[in-house]
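Here the structure is laid out as structure tokens; the discussion comes afterwards.
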Amino acid sequence: MNTQFIIDYLSALSMNNNREWYHANKDDYKKANAEFEELLQTFILEIGKFDSSILHNHPRDLTFKIVRDTRFSHDKSPYNPAFRAHISSKGKLPIPVGYYLMIKPGNQSFLGGGLFADMFKDATTMVRDSIAHNSSQWEKIIHDPAFEKFFTVQGTALKNVPAGYEKDHPQAQYLKFKSWYLEYPIKDVELGNGEAFLTKATELFRIMKPFNDFLNNALAGFQMPAR
């Protein structure tokens with residue numbers, strides 16, 4: 001897998017974010033996309049060694065389009081110069097949570113995990129309840145030395161602990177959250193060596209797995225809203 005080609009293509013697209021350039025360089029897009037899907041297939045196999053629930057996935061089912069919806073945006077750039085994917089037991093759906101990868105030039109790439117979506121009120125309540133009732137387990141996960149070395153729990157949050165929860169709860173800080181996620185930044189130079197990047201990223205995904213497991217246990221039974 002040629003991760004350097006991926007970042008080179010996306011850098012060029014970022015500097016030439018127009019339909020004319022994109023279509024004139026469609027072959028390079030196809031090659032970069034194929035390299036990204038090869039990377040995802042390798043991730044599926046490597047992550048599958050410690051999380052077999054994701055092994056059934058096919059790379060092309062996990063990716064997001066680079067074409068932007070500009071109808072309601074002041075930024076009319078037609079493309080998002082990034083390759084993105086979410087690997088979970090149910091593909092790229094936000095729930096259940098899984099392993100997120102974004103490759104974007106300008107040192108904007110990152111690995112992610114957890115619940116990024118904060119628009120599902122039922123999901124937020126389910127996770128809050130689990131944190132409230134399993135405080136010691138949550139504490140153990142987020143303060144594990146390996147976890148703390150690389151991750152800090154992030155998320156959109158309320159100013160105060162919501163009604164129905166103890167204001168002085170040991171995890172009050174996290175009960176304010178509406179989403180709970182992790183991000184680990186990746187520099188462009190790190191993507192130059194695909195094998196080294198794969199090794200590092202796989203280990204980071206392994207470290208975040210207990211965090212994902214906690215959220216997925218909390219979200220058991222959640223149903224995505226019907227469109």
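Naming works like this for the structure tokens: A, B, ... for the chains as they're shown, residue 1 at the start of each chain, ligands 1 onward in shown order.
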
Go through range 3-113 of chain A and flag each residue having an atom no more than 12 Å from range 122-125 of chain A; for those, report the closest pair of atoms plus their distance in Å to one decimal, using only C-alpha atoms, ordered by chain and rising number, as CSV.
```
residue,atom,partner,partner_atom,distance
A:Pro94,CA,A:Ala123,CA,10.7
A:Ile95,CA,A:Ala123,CA,8.7
A:Pro96,CA,A:Ala123,CA,10.1
A:Val97,CA,A:Ala123,CA,11.2
```

Can you list every residue in range 95-127 of chain A that DSSP puts in strand (DSSP E or B), as a list in words? Tyr99, Tyr100, Leu101, Met102, Ile103, Ser109, Phe110, Leu111, Gly112, Gly113, Gly114 and Leu115 of chain A

Under the rule of at most 10 Å, produce a per-residue listing of range 24-89 of chain A near range 12-16 of chain A: chain, number, name, the closest pair of atoms, and the distance in Å, as a Markdown table, using only C-alpha atoms.
```
| residue | atom | partner | partner_atom | distance |
| --- | --- | --- | --- | --- |
| A:Asn25 | CA | A:Leu13 | CA | 9.2 |
| A:Tyr29 | CA | A:Leu13 | CA | 9.2 |
| A:Ser77 | CA | A:Ser14 | CA | 9.5 |
| A:Tyr79 | CA | A:Leu13 | CA | 8.1 |
| A:Asn80 | CA | A:Ser14 | CA | 7.9 |
| A:Pro81 | CA | A:Ser14 | CA | 5.5 |
| A:Ala82 | CA | A:Ser14 | CA | 8.8 |
```

Considering only C-alpha atoms, return as a ChimeraX atom specification whatever protein or nucleic-acid residues lie within 12 Å of Ser136 in chain A, sequence-local ones (same chain, fewer than 6 positions apart) excluded. /A:130,142-144,169-171,214

d(CA of Ile87 in chain A, CA of Tyr99 in chain A) in Å: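 Going from CA of Ile87 in chain A over to CA of Tyr99 in chain A covers 5.1 Å.
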
Neighbour list for range 117-120 of chain A as a list in words, cut-off 10 Å, only C-alpha atoms, skip fewer than 5 positions in-chain: Pro94, Ile95, Val97, Thr125, Gly155, Thr156, Ala157, Phe177, Lys178, Ser179, Trp180, Tyr181, Phe222, Gln223, Met224 and Pro225 of chain A

For the selection you just gave me, I'd like the residues written to a file as a CSV table (one decimal), in the first residue's frame, keeping C-alpha atoms.
```csv
chain,number,residue,atom,x,y,z
A,94,PRO,CA,-21.8,5.9,13.8
A,95,ILE,CA,-23.3,3.3,16.1
A,97,VAL,CA,-18.7,2.8,17.6
A,125,THR,CA,-28.8,8.9,27.6
A,155,GLY,CA,-16.8,15.5,23.2
A,156,THR,CA,-19.5,18.2,23.1
A,157,ALA,CA,-20.7,19.0,26.6
A,177,PHE,CA,-20.9,15.2,27.7
A,178,LYS,CA,-23.3,14.5,24.8
A,179,SER,CA,-20.6,12.6,22.8
A,180,TRP,CA,-17.5,10.7,23.9
A,181,TYR,CA,-14.7,10.3,21.4
A,222,PHE,CA,-29.9,1.2,20.3
A,223,GLN,CA,-31.8,1.6,17.0
A,224,MET,CA,-30.7,4.1,14.4
A,225,PRO,CA,-33.6,6.5,13.6
```

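Nearest residue to Asn57 in chain A, choosing from A:Asn160, A:Ser88, A:Thr3, A:Thr202 and counting only C-alpha atoms: A:Ser88.
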
Write out as JSON, numbers by chain which residues come within 9 Å of range 32-44 of chain A when counting only C-alpha atoms, dropping same-chain ones fewer than 4 positions away. {"A": [1, 2, 3, 5, 6, 7, 8, 9, 10, 27, 28, 48, 49, 52, 54, 55, 56, 57, 58, 59, 60, 62, 63, 83, 85, 87, 194, 198, 201, 202]}

I need the chosen residues saved as a compact mmCIF listing (two decimals), in the first residue's frame, with C-alpha atoms.
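Once written, again.txt looks like this:
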```txt
# COMPACT_ATOMS: atom_id res chain seq x y z
CA MET A 1 0.00 0.00 0.00
CA ASN A 2 1.43 3.36 -1.07
CA THR A 3 0.31 5.80 1.62
CA PHE A 5 0.72 8.46 -3.02
CA ILE A 6 -2.50 8.98 -1.07
CA ILE A 7 -1.21 12.05 0.75
CA ASP A 8 0.41 13.40 -2.44
CA TYR A 9 -2.85 13.10 -4.37
CA LEU A 10 -4.90 14.72 -1.62
CA ASP A 27 -6.91 8.19 -12.90
CA ASP A 28 -4.83 9.47 -9.99
CA GLY A 48 -9.55 -8.43 13.46
CA LYS A 49 -6.82 -10.15 15.46
CA SER A 52 -13.18 -10.21 15.23
CA ILE A 54 -15.18 -6.21 12.11
CA LEU A 55 -13.70 -8.98 9.93
CA HIS A 56 -16.75 -9.30 7.65
CA ASN A 57 -16.41 -5.74 6.32
CA HIS A 58 -15.43 -4.78 2.78
CA PRO A 59 -13.27 -1.63 2.44
CA ARG A 60 -15.45 0.16 -0.10
CA LEU A 62 -16.55 1.77 4.99
CA THR A 63 -15.51 4.92 3.13
CA PHE A 83 -10.05 9.92 2.63
CA ALA A 85 -13.45 5.51 6.89
CA ILE A 87 -14.63 0.36 10.74
CA GLY A 194 2.93 2.75 5.10
CA LEU A 198 0.00 0.59 9.88
CA ALA A 201 -2.18 2.82 14.07
CA THR A 202 -3.10 -0.79 14.77
```

Pull the helix (DSSP H, G or I) assignments for chain A out of DSSP run on the backbone, and list those residues as a ChimeraX atom specification. /A:3-15,19-24,26-47,52-54,59-61,121-133,135-142,145-150,172-175,188-192,194-218

How far is it from CA of Leu219 in chain A to CA of Tyr184 in chain A, in Å with one decimal?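 So the two atoms, CA of Leu219 in chain A and CA of Tyr184 in chain A, lie 23.4 Å apart.
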
Identify, on the basis of only C-alpha atoms, every residue whose closest approach to Ile103 in chain A does not exceed 7 Å; exclude the query and any residue fewer than 2 positions from it along the same chain; express the result as a list in words.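 After dropping sequence-adjacent residues, the list is Ala82, Phe83, Arg84, Leu101, Pro105, Ser109 and Phe110 of chain A.
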
Restricting it to N, CA and C atoms, dump the selection as a short mmCIF file (atom, residue, chain, number, x, y, z; two decimals), in the first residue's frame.
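What landed in selection-v4.cif:
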```
data_model
loop_
_atom_site.label_atom_id
_atom_site.label_comp_id
_atom_site.auth_asym_id
_atom_site.auth_seq_id
_atom_site.Cartn_x
_atom_site.Cartn_y
_atom_site.Cartn_z
N ALA A 82 -9.85 14.60 1.52
CA ALA A 82 -9.58 13.66 2.61
C ALA A 82 -10.18 12.30 2.27
N PHE A 83 -9.49 11.27 2.69
CA PHE A 83 -10.05 9.92 2.63
C PHE A 83 -10.42 9.53 4.05
N ARG A 84 -11.67 9.11 4.24
CA ARG A 84 -12.19 8.81 5.58
C ARG A 84 -12.88 7.46 5.60
N LEU A 101 -10.63 6.53 10.74
CA LEU A 101 -9.38 6.98 10.12
C LEU A 101 -9.68 8.09 9.13
N PRO A 105 -4.23 16.03 4.08
CA PRO A 105 -2.94 16.74 4.08
C PRO A 105 -2.97 17.99 4.95
N SER A 109 -4.57 14.71 9.49
CA SER A 109 -4.99 13.32 9.60
C SER A 109 -5.13 12.93 11.07
N PHE A 110 -6.01 11.97 11.34
CA PHE A 110 -6.09 11.46 12.71
C PHE A 110 -6.76 10.10 12.76
#
```

Show me, as a list in words, the residues that have an atom within 12 Å of Phe50 in chain A when counting only C-alpha atoms, minus same-chain residues fewer than 6 positions from it.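 The neighbour list is Phe43, Ile44, Thr202, Glu203, Phe205, Arg206, Ile207, Met208, Lys209, Pro210 and Asp213 of chain A.
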
Just-selected residues, N, CA and C atoms written as a compact mmCIF listing (two decimals), in the first residue's frame:
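Result file follows (out-v5.txt):
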```
# COMPACT_ATOMS: atom_id res chain seq x y z
N PHE A 43 -6.01 -3.05 7.56
CA PHE A 43 -6.49 -2.69 8.90
C PHE A 43 -7.54 -3.69 9.38
N ILE A 44 -8.46 -4.06 8.52
CA ILE A 44 -9.51 -5.01 8.90
C ILE A 44 -8.87 -6.31 9.41
N THR A 202 -2.47 0.41 14.26
CA THR A 202 -3.10 -0.79 14.77
C THR A 202 -2.96 -0.89 16.28
N GLU A 203 -1.77 -0.55 16.79
CA GLU A 203 -1.55 -0.59 18.23
C GLU A 203 -2.43 0.44 18.95
N PHE A 205 -5.33 1.56 17.89
CA PHE A 205 -6.70 1.04 17.85
C PHE A 205 -6.89 -0.05 18.91
N ARG A 206 -5.87 -0.87 19.14
CA ARG A 206 -5.95 -1.90 20.16
C ARG A 206 -6.11 -1.27 21.54
N ILE A 207 -5.38 -0.19 21.79
CA ILE A 207 -5.45 0.48 23.09
C ILE A 207 -6.82 1.12 23.31
N MET A 208 -7.44 1.60 22.24
CA MET A 208 -8.75 2.26 22.41
C MET A 208 -9.91 1.25 22.48
N LYS A 209 -9.65 -0.01 22.19
CA LYS A 209 -10.75 -0.98 22.14
C LYS A 209 -11.56 -1.05 23.44
N PRO A 210 -10.97 -1.11 24.64
CA PRO A 210 -11.80 -1.15 25.86
C PRO A 210 -12.75 0.05 25.98
N ASP A 213 -15.50 -0.69 23.62
CA ASP A 213 -16.33 -1.77 24.18
C ASP A 213 -17.29 -1.23 25.24
```

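Counting from CA of Tyr22 in chain A, the distance to CA of Lys76 in chain A is 14.9 Å.
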
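Closest to Ala172 in chain A among A:Ile131, A:Ala146, A:Ile186, A:Met102 is A:Ile131, based on only C-alpha atoms.
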
Of the candidates A:Lys104, A:Asp51, A:Lys187, A:Leu45, which shows the shortest atom-to-atom distance to Ile66 in chain A, using only C-alpha atoms?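 Distance minimum relative to Ile66 in chain A lands on A:Lys104.
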